[in-house]
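Here is the structure we will look at, set down as structure tokens.
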Amino acid sequence: MRQATTILTFDTPGRGLTDITRAIAVWQREIGIGEGLLTLLCRHTSASLLIQENAAREVRSDLVAWLDRVAPEGAYYDHDDEGPDDMPAHLKATLTGVNLSIPVIGGQMSLGTWQGIYLAEHRRMPHQREVALHLFGA
Amino acid sequence: MRQATTILTFDTPGRGLTDITRAIAVWQREIGIGEGLLTLLCRHTSASLLIQENAAREVRSDLVAWLDRVAPEGAYYDHDDEGPDDMPAHLKATLTGVNLSIPVIGGQMSLGTWQGIYLAEHRRMPHQREVALHLFGA
Amino acid sequence: MRQATTILTFDTPGRGLTDITRAIAVWQREIGIGEGLLTLLCRHTSASLLIQENAAREVRSDLVAWLDRVAPEGAYYDHDDEGPDDMPAHLKATLTGVNLSIPVIGGQMSLGTWQGIYLAEHRRMPHQREVALHLFGA
């Protein structure tokens, strides 16, 4: 049993979902662990991680639009230091969560056929986001 | 320290929560790890995993009804390939999440007295759902 | 590679967020693992764990107020054994989640600069809450 850690950096184009499955899989294969556990932590409070469908593009745009309805911009918040999209971004990050743990089986992440790993940017503007990774196993 | 992985399959009766605590505990005891970490990943994008109260049945029905209010069916979505319950199911899976990690202490999952592990089916129809499991420890 | 587990107890002052980052870090450093994985599980169904901003206090109060809007008290629920804040507390715990996994890198939890770990109490009254912890690594 051995382990590895790293921090990967991703550029987001502003609000929306960025598929990071391939980058995560590349690192996982480099480490060369066939069976184990992979954990991801998004190191931010206005971006997050989620697993969702990787096929129909509308699933992602509908999801982003729904988050806007559940955590709308508006006069609800005391915290608006960085603009009207700031506090809704914190709420969306809380709803979706900032960490994921994925069993590795047979040399691959045990994701379902239609599952991809997405970095969710909740701010309007592009950002550089860090994801901490931990992988262990044999 | 050693590890084990498996994929368990569960039949869901359509929308609602299925208690999978016992099946998970049976596998955990078979592996025979007394102290460690157990991780579960639901391999789908319209079903999910959550930990909630295992006593009062109304907690689960109220939870399912609340998810319907937060992510209602209706004319909100571009994605409806599989019917009106399709996109709400993706949203509910995102809100509740598809993975759980549970410390194992003294030979048992360290769940609280009132906590059960539930597979949440968000589609109307019955489905067969896979949960990937990873357990390691000593 | 070695592991450790414990259960920490926290007193909450009623509804709101309690920063438990320091207590978790103290335990993590006592165990003395420099690289590894730390997992937390809140052993309750009306309290939960989340990672959010540790700087502006308004982020936390806005978050608590938002949870009240998303899961309001009212005549929506069949389950009210313990009062009107009971079922909303279960819903808020489900939305935010009861477990976190955090890579440990270079002797520290790999949290971002602005991230803190919060125990979220969703009941009105003060409670004593247990968090199960698992840490392993080298």
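Convention: chains lettered A, B, ... in structure tokens order; per-chain residue numbering from 1; ligands numbered from 1 as shown.
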For chain C against chain B, with a cut-off of 8 Å and counting only C-alpha atoms, what is the closest atom pair and its distance in Å to one decimal for every residue that makes the cut, ordered by chain and number, as a tab-separated table?
residue	atom	partner	partner_atom	distance
C:Met1	CA	B:Met1	CA	7.8
C:Arg2	CA	B:Met1	CA	7.6
C:Gln3	CA	B:Gly36	CA	7.5
C:Thr5	CA	B:Ile105	CA	6.9
C:Thr39	CA	B:Ser101	CA	7.2
C:Leu40	CA	B:Pro103	CA	7.7
C:Leu41	CA	B:Ile102	CA	6.4
C:Arg43	CA	B:Gly112	CA	4.3
C:His44	CA	B:Gly112	CA	5.9
C:Thr45	CA	B:Gln52	CA	5.4
C:Val70	CA	B:Val70	CA	7.5
C:Ala71	CA	B:Trp66	CA	7.9
C:Tyr76	CA	B:Asp62	CA	7.9
C:Tyr77	CA	B:Asp62	CA	5.8
C:Asp78	CA	B:Glu58	CA	6.0
C:His79	CA	B:Glu58	CA	5.3
C:Met87	CA	B:Val59	CA	6.9
C:His90	CA	B:Gln52	CA	7.4
C:Leu91	CA	B:Leu63	CA	6.5
C:Thr94	CA	B:Thr96	CA	6.3
C:Leu95	CA	B:Thr96	CA	5.9
C:Thr96	CA	B:Thr96	CA	8.0
C:Gly97	CA	B:Thr96	CA	7.4
C:Val98	CA	B:Ile51	CA	7.4
C:Asn99	CA	B:Ser101	CA	6.6
C:Leu100	CA	B:Ser101	CA	7.6
C:Ser101	CA	B:Ser101	CA	7.5
C:Ala132	CA	B:Ser110	CA	6.6
C:Leu133	CA	B:Pro103	CA	6.6
C:His134	CA	B:Pro103	CA	5.6
Fit chain A to chain B, all Cα atoms paired in order, least squares. Then write it as a PDB file with C-alpha atoms, in the first residue's frame.
ATOM      1  CA  MET A   1      -3.353  -2.553   6.546  1.00  0.00           C
ATOM      2  CA  ARG A   2      -5.278  -4.117   3.705  1.00  0.00           C
ATOM      3  CA  GLN A   3      -8.128  -3.118   1.411  1.00  0.00           C
ATOM      4  CA  ALA A   4     -11.084  -4.572  -0.471  1.00  0.00           C
ATOM      5  CA  THR A   5     -13.425  -3.298  -3.177  1.00  0.00           C
ATOM      6  CA  THR A   6     -16.710  -4.502  -4.614  1.00  0.00           C
ATOM      7  CA  ILE A   7     -19.748  -3.321  -6.521  1.00  0.00           C
ATOM      8  CA  LEU A   8     -23.140  -4.066  -4.979  1.00  0.00           C
ATOM      9  CA  THR A   9     -26.370  -3.912  -6.974  1.00  0.00           C
ATOM     10  CA  PHE A  10     -29.687  -2.742  -5.554  1.00  0.00           C
ATOM     11  CA  ASP A  11     -33.189  -2.763  -7.021  1.00  0.00           C
ATOM     12  CA  THR A  12     -35.131   0.413  -6.313  1.00  0.00           C
ATOM     13  CA  PRO A  13     -38.948   0.582  -6.450  1.00  0.00           C
ATOM     14  CA  GLY A  14     -38.953   3.998  -8.126  1.00  0.00           C
ATOM     15  CA  ARG A  15     -38.758   7.372  -6.452  1.00  0.00           C
ATOM     16  CA  GLY A  16     -37.894   7.120  -2.782  1.00  0.00           C
ATOM     17  CA  LEU A  17     -35.271   6.015  -0.299  1.00  0.00           C
ATOM     18  CA  THR A  18     -34.013   2.445   0.101  1.00  0.00           C
ATOM     19  CA  ASP A  19     -32.205   1.573   3.337  1.00  0.00           C
ATOM     20  CA  ILE A  20     -28.951  -0.165   2.359  1.00  0.00           C
ATOM     21  CA  THR A  21     -27.270   0.004   5.781  1.00  0.00           C
ATOM     22  CA  ARG A  22     -27.574  -3.717   6.462  1.00  0.00           C
ATOM     23  CA  ALA A  23     -26.166  -4.792   3.081  1.00  0.00           C
ATOM     24  CA  ILE A  24     -23.199  -2.461   3.526  1.00  0.00           C
ATOM     25  CA  ALA A  25     -22.607  -3.689   7.085  1.00  0.00           C
ATOM     26  CA  VAL A  26     -22.745  -7.321   5.973  1.00  0.00           C
ATOM     27  CA  TRP A  27     -20.022  -6.720   3.389  1.00  0.00           C
ATOM     28  CA  GLN A  28     -17.941  -4.691   5.839  1.00  0.00           C
ATOM     29  CA  ARG A  29     -18.059  -7.507   8.399  1.00  0.00           C
ATOM     30  CA  GLU A  30     -17.232 -10.150   5.797  1.00  0.00           C
ATOM     31  CA  ILE A  31     -14.036  -8.296   4.961  1.00  0.00           C
ATOM     32  CA  GLY A  32     -13.283  -8.338   8.648  1.00  0.00           C
ATOM     33  CA  ILE A  33     -11.675  -4.955   9.101  1.00  0.00           C
ATOM     34  CA  GLY A  34     -12.038  -3.633  12.653  1.00  0.00           C
ATOM     35  CA  GLU A  35     -10.679  -0.120  12.199  1.00  0.00           C
ATOM     36  CA  GLY A  36     -10.544   1.719   8.917  1.00  0.00           C
ATOM     37  CA  LEU A  37     -12.482   3.695   6.348  1.00  0.00           C
ATOM     38  CA  LEU A  38     -15.441   2.689   4.179  1.00  0.00           C
ATOM     39  CA  THR A  39     -16.288   4.661   1.034  1.00  0.00           C
ATOM     40  CA  LEU A  40     -19.413   4.353  -1.141  1.00  0.00           C
ATOM     41  CA  LEU A  41     -19.973   5.755  -4.636  1.00  0.00           C
ATOM     42  CA  CYS A  42     -23.336   5.605  -6.426  1.00  0.00           C
ATOM     43  CA  ARG A  43     -22.480   5.021 -10.094  1.00  0.00           C
ATOM     44  CA  HIS A  44     -25.448   6.972 -11.484  1.00  0.00           C
ATOM     45  CA  THR A  45     -26.494  10.558 -12.139  1.00  0.00           C
ATOM     46  CA  SER A  46     -30.180  10.294 -11.222  1.00  0.00           C
ATOM     47  CA  ALA A  47     -29.779   8.309  -8.001  1.00  0.00           C
ATOM     48  CA  SER A  48     -27.670   9.228  -4.984  1.00  0.00           C
ATOM     49  CA  LEU A  49     -26.556   8.343  -1.472  1.00  0.00           C
ATOM     50  CA  LEU A  50     -27.395  10.023   1.802  1.00  0.00           C
ATOM     51  CA  ILE A  51     -27.372   9.425   5.529  1.00  0.00           C
ATOM     52  CA  GLN A  52     -30.606  10.219   7.344  1.00  0.00           C
ATOM     53  CA  GLU A  53     -32.828   9.181  10.200  1.00  0.00           C
ATOM     54  CA  ASN A  54     -33.707   5.489  10.356  1.00  0.00           C
ATOM     55  CA  ALA A  55     -36.529   5.760  12.889  1.00  0.00           C
ATOM     56  CA  ALA A  56     -39.525   7.903  11.874  1.00  0.00           C
ATOM     57  CA  ARG A  57     -40.734   6.927   8.398  1.00  0.00           C
ATOM     58  CA  GLU A  58     -42.162  10.420   7.857  1.00  0.00           C
ATOM     59  CA  VAL A  59     -38.659  11.891   7.769  1.00  0.00           C
ATOM     60  CA  ARG A  60     -38.056  10.007   4.530  1.00  0.00           C
ATOM     61  CA  SER A  61     -41.400  10.862   2.915  1.00  0.00           C
ATOM     62  CA  ASP A  62     -41.055  14.521   3.933  1.00  0.00           C
ATOM     63  CA  LEU A  63     -37.547  14.526   2.461  1.00  0.00           C
ATOM     64  CA  VAL A  64     -38.729  13.082  -0.854  1.00  0.00           C
ATOM     65  CA  ALA A  65     -41.572  15.635  -0.996  1.00  0.00           C
ATOM     66  CA  TRP A  66     -39.147  18.475  -0.227  1.00  0.00           C
ATOM     67  CA  LEU A  67     -36.820  17.410  -3.029  1.00  0.00           C
ATOM     68  CA  ASP A  68     -39.844  17.649  -5.345  1.00  0.00           C
ATOM     69  CA  ARG A  69     -40.363  21.248  -4.255  1.00  0.00           C
ATOM     70  CA  VAL A  70     -36.708  22.245  -4.565  1.00  0.00           C
ATOM     71  CA  ALA A  71     -36.269  20.554  -7.956  1.00  0.00           C
ATOM     72  CA  PRO A  72     -39.776  20.420  -9.425  1.00  0.00           C
ATOM     73  CA  GLU A  73     -40.871  18.908 -12.680  1.00  0.00           C
ATOM     74  CA  GLY A  74     -42.049  21.553 -15.146  1.00  0.00           C
ATOM     75  CA  ALA A  75     -41.118  23.745 -18.075  1.00  0.00           C
ATOM     76  CA  TYR A  76     -37.773  24.804 -16.600  1.00  0.00           C
ATOM     77  CA  TYR A  77     -35.480  22.443 -18.478  1.00  0.00           C
ATOM     78  CA  ASP A  78     -33.984  22.010 -21.927  1.00  0.00           C
ATOM     79  CA  HIS A  79     -33.067  18.406 -21.107  1.00  0.00           C
ATOM     80  CA  ASP A  80     -36.055  16.076 -21.106  1.00  0.00           C
ATOM     81  CA  ASP A  81     -34.822  13.159 -23.204  1.00  0.00           C
ATOM     82  CA  GLU A  82     -36.229  10.621 -20.799  1.00  0.00           C
ATOM     83  CA  GLY A  83     -39.338  12.435 -19.587  1.00  0.00           C
ATOM     84  CA  PRO A  84     -40.313  15.139 -17.109  1.00  0.00           C
ATOM     85  CA  ASP A  85     -38.729  13.381 -14.130  1.00  0.00           C
ATOM     86  CA  ASP A  86     -35.317  13.149 -15.828  1.00  0.00           C
ATOM     87  CA  MET A  87     -33.763  16.551 -15.186  1.00  0.00           C
ATOM     88  CA  PRO A  88     -35.242  16.934 -11.661  1.00  0.00           C
ATOM     89  CA  ALA A  89     -33.614  13.566 -10.895  1.00  0.00           C
ATOM     90  CA  HIS A  90     -30.197  14.906 -11.940  1.00  0.00           C
ATOM     91  CA  LEU A  91     -30.715  17.970  -9.742  1.00  0.00           C
ATOM     92  CA  LYS A  92     -31.757  15.925  -6.708  1.00  0.00           C
ATOM     93  CA  ALA A  93     -28.733  13.654  -7.165  1.00  0.00           C
ATOM     94  CA  THR A  94     -26.494  16.731  -7.260  1.00  0.00           C
ATOM     95  CA  LEU A  95     -28.069  18.234  -4.138  1.00  0.00           C
ATOM     96  CA  THR A  96     -27.761  15.038  -2.090  1.00  0.00           C
ATOM     97  CA  GLY A  97     -24.451  13.775  -3.548  1.00  0.00           C
ATOM     98  CA  VAL A  98     -23.255  10.403  -4.772  1.00  0.00           C
ATOM     99  CA  ASN A  99     -20.548   9.485  -2.296  1.00  0.00           C
ATOM    100  CA  LEU A 100     -20.087   8.853   1.421  1.00  0.00           C
ATOM    101  CA  SER A 101     -17.066   8.001   3.573  1.00  0.00           C
ATOM    102  CA  ILE A 102     -17.582   6.436   6.972  1.00  0.00           C
ATOM    103  CA  PRO A 103     -14.913   5.683   9.587  1.00  0.00           C
ATOM    104  CA  VAL A 104     -14.985   2.111  10.919  1.00  0.00           C
ATOM    105  CA  ILE A 105     -14.283   1.972  14.657  1.00  0.00           C
ATOM    106  CA  GLY A 106     -14.418  -1.074  16.909  1.00  0.00           C
ATOM    107  CA  GLY A 107     -15.549  -3.321  14.074  1.00  0.00           C
ATOM    108  CA  GLN A 108     -18.517  -1.165  13.112  1.00  0.00           C
ATOM    109  CA  MET A 109     -19.357   1.788  10.916  1.00  0.00           C
ATOM    110  CA  SER A 110     -19.267   4.834  13.195  1.00  0.00           C
ATOM    111  CA  LEU A 111     -22.828   5.881  12.333  1.00  0.00           C
ATOM    112  CA  GLY A 112     -24.897   7.541  15.018  1.00  0.00           C
ATOM    113  CA  THR A 113     -27.760   5.659  16.639  1.00  0.00           C
ATOM    114  CA  TRP A 114     -30.357   7.239  14.387  1.00  0.00           C
ATOM    115  CA  GLN A 115     -28.386   7.225  11.153  1.00  0.00           C
ATOM    116  CA  GLY A 116     -29.040   4.904   8.242  1.00  0.00           C
ATOM    117  CA  ILE A 117     -27.477   4.815   4.773  1.00  0.00           C
ATOM    118  CA  TYR A 118     -30.011   5.381   2.015  1.00  0.00           C
ATOM    119  CA  LEU A 119     -29.879   4.861  -1.722  1.00  0.00           C
ATOM    120  CA  ALA A 120     -32.086   7.634  -3.106  1.00  0.00           C
ATOM    121  CA  GLU A 121     -33.864   6.820  -6.359  1.00  0.00           C
ATOM    122  CA  HIS A 122     -34.972  10.015  -8.092  1.00  0.00           C
ATOM    123  CA  ARG A 123     -36.598   8.514 -11.217  1.00  0.00           C
ATOM    124  CA  ARG A 124     -40.271   7.521 -11.147  1.00  0.00           C
ATOM    125  CA  MET A 125     -39.653   4.005 -12.415  1.00  0.00           C
ATOM    126  CA  PRO A 126     -37.837   1.133 -10.672  1.00  0.00           C
ATOM    127  CA  HIS A 127     -34.144   0.881 -11.529  1.00  0.00           C
ATOM    128  CA  GLN A 128     -31.191  -1.352 -10.817  1.00  0.00           C
ATOM    129  CA  ARG A 129     -28.441   0.746  -9.240  1.00  0.00           C
ATOM    130  CA  GLU A 130     -24.793   0.010  -8.579  1.00  0.00           C
ATOM    131  CA  VAL A 131     -22.801   1.204  -5.586  1.00  0.00           C
ATOM    132  CA  ALA A 132     -18.987   0.886  -5.666  1.00  0.00           C
ATOM    133  CA  LEU A 133     -17.425   0.200  -2.273  1.00  0.00           C
ATOM    134  CA  HIS A 134     -13.922   0.558  -0.933  1.00  0.00           C
ATOM    135  CA  LEU A 135     -12.853  -0.559   2.530  1.00  0.00           C
ATOM    136  CA  PHE A 136      -9.418  -0.476   4.001  1.00  0.00           C
ATOM    137  CA  GLY A 137      -7.842  -0.680   7.415  1.00  0.00           C
ATOM    138  CA  ALA A 138      -6.647  -3.346   9.818  1.00  0.00           C
TER     139      ALA A 138
END
**Study point:** All strand (DSSP E or B) residues (DSSP, backbone) inside region 34-105 of chain C, as a ChimeraX atom specification
**Key:** /C:36-42,47-53,99-105
Exercise for review: Please identify which residues in region 1-132 of chain C DSSP calls helix (DSSP H, G or I) from the backbone, and express them as a PyMOL selection string.
Suggested key: chain C and resi 21-31+57-70+86-96
For the selection just defined, write its residues with N, CA and C atoms to a file, as a compact mmCIF listing (two decimals), in the first residue's frame.
# COMPACT_ATOMS: atom_id res chain seq x y z
N THR C 21 -12.31 23.86 12.96
CA THR C 21 -11.06 23.64 12.23
C THR C 21 -9.90 23.40 13.19
N ARG C 22 -9.80 24.25 14.22
CA ARG C 22 -8.66 24.17 15.12
C ARG C 22 -8.65 22.83 15.89
N ALA C 23 -9.81 22.43 16.37
CA ALA C 23 -9.88 21.17 17.13
C ALA C 23 -9.48 19.99 16.25
N ILE C 24 -9.91 20.03 15.00
CA ILE C 24 -9.55 18.94 14.07
C ILE C 24 -8.05 18.97 13.81
N ALA C 25 -7.50 20.16 13.60
CA ALA C 25 -6.07 20.30 13.31
C ALA C 25 -5.23 19.86 14.50
N VAL C 26 -5.68 20.17 15.70
CA VAL C 26 -4.94 19.75 16.91
C VAL C 26 -4.84 18.23 16.95
N TRP C 27 -5.96 17.56 16.72
CA TRP C 27 -5.95 16.09 16.74
C TRP C 27 -5.06 15.54 15.62
N GLN C 28 -5.17 16.14 14.44
CA GLN C 28 -4.38 15.66 13.29
C GLN C 28 -2.89 15.79 13.59
N ARG C 29 -2.49 16.87 14.23
CA ARG C 29 -1.06 17.06 14.53
C ARG C 29 -0.60 16.13 15.65
N GLU C 30 -1.47 15.88 16.61
CA GLU C 30 -1.13 14.93 17.67
C GLU C 30 -0.80 13.55 17.11
N ILE C 31 -1.60 13.14 16.13
CA ILE C 31 -1.37 11.82 15.53
C ILE C 31 -0.05 11.83 14.76
N ARG C 57 -17.77 37.19 8.51
CA ARG C 57 -18.80 36.58 9.35
C ARG C 57 -20.16 36.54 8.66
N GLU C 58 -20.40 37.51 7.78
CA GLU C 58 -21.70 37.58 7.12
C GLU C 58 -21.94 36.39 6.19
N VAL C 59 -20.86 35.78 5.71
CA VAL C 59 -21.06 34.60 4.87
C VAL C 59 -21.81 33.54 5.64
N ARG C 60 -21.44 33.37 6.91
CA ARG C 60 -22.10 32.33 7.71
C ARG C 60 -23.54 32.72 8.05
N SER C 61 -23.77 33.95 8.41
CA SER C 61 -25.16 34.32 8.76
C SER C 61 -26.05 34.31 7.51
N ASP C 62 -25.50 34.74 6.37
CA ASP C 62 -26.28 34.65 5.12
C ASP C 62 -26.58 33.19 4.76
N LEU C 63 -25.62 32.33 5.01
CA LEU C 63 -25.80 30.90 4.71
C LEU C 63 -26.91 30.31 5.58
N VAL C 64 -26.89 30.64 6.86
CA VAL C 64 -27.91 30.13 7.78
C VAL C 64 -29.29 30.66 7.39
N ALA C 65 -29.36 31.92 7.00
CA ALA C 65 -30.64 32.51 6.58
C ALA C 65 -31.13 31.87 5.28
N TRP C 66 -30.21 31.58 4.37
CA TRP C 66 -30.58 30.93 3.11
C TRP C 66 -31.12 29.53 3.35
N LEU C 67 -30.49 28.78 4.25
CA LEU C 67 -31.00 27.44 4.57
C LEU C 67 -32.43 27.53 5.09
N ASP C 68 -32.73 28.59 5.85
CA ASP C 68 -34.11 28.78 6.34
C ASP C 68 -35.09 29.00 5.19
N ARG C 69 -34.63 29.66 4.14
CA ARG C 69 -35.53 29.89 3.00
C ARG C 69 -35.71 28.62 2.17
N VAL C 70 -34.63 27.85 2.00
CA VAL C 70 -34.70 26.64 1.18
C VAL C 70 -35.47 25.53 1.90
N ASP C 86 -37.73 20.68 13.57
CA ASP C 86 -37.20 19.32 13.49
C ASP C 86 -36.97 18.90 12.05
N MET C 87 -38.04 18.89 11.26
CA MET C 87 -37.92 18.41 9.88
C MET C 87 -37.04 19.35 9.04
N PRO C 88 -37.19 20.68 9.15
CA PRO C 88 -36.24 21.54 8.42
C PRO C 88 -34.79 21.21 8.76
N ALA C 89 -34.51 20.84 10.00
CA ALA C 89 -33.13 20.49 10.38
C ALA C 89 -32.65 19.25 9.64
N HIS C 90 -33.52 18.25 9.48
CA HIS C 90 -33.14 17.06 8.70
C HIS C 90 -32.83 17.44 7.25
N LEU C 91 -33.66 18.33 6.70
CA LEU C 91 -33.47 18.72 5.29
C LEU C 91 -32.15 19.49 5.11
N LYS C 92 -31.87 20.39 6.03
CA LYS C 92 -30.62 21.17 5.93
C LYS C 92 -29.40 20.27 6.09
N ALA C 93 -29.52 19.26 6.96
CA ALA C 93 -28.40 18.32 7.13
C ALA C 93 -28.19 17.52 5.85
N THR C 94 -29.29 17.18 5.17
CA THR C 94 -29.18 16.43 3.92
C THR C 94 -28.56 17.30 2.83
N LEU C 95 -28.98 18.54 2.75
CA LEU C 95 -28.45 19.45 1.72
C LEU C 95 -26.96 19.69 1.91
N THR C 96 -26.51 19.86 3.13
CA THR C 96 -25.10 20.20 3.35
C THR C 96 -24.22 18.96 3.51
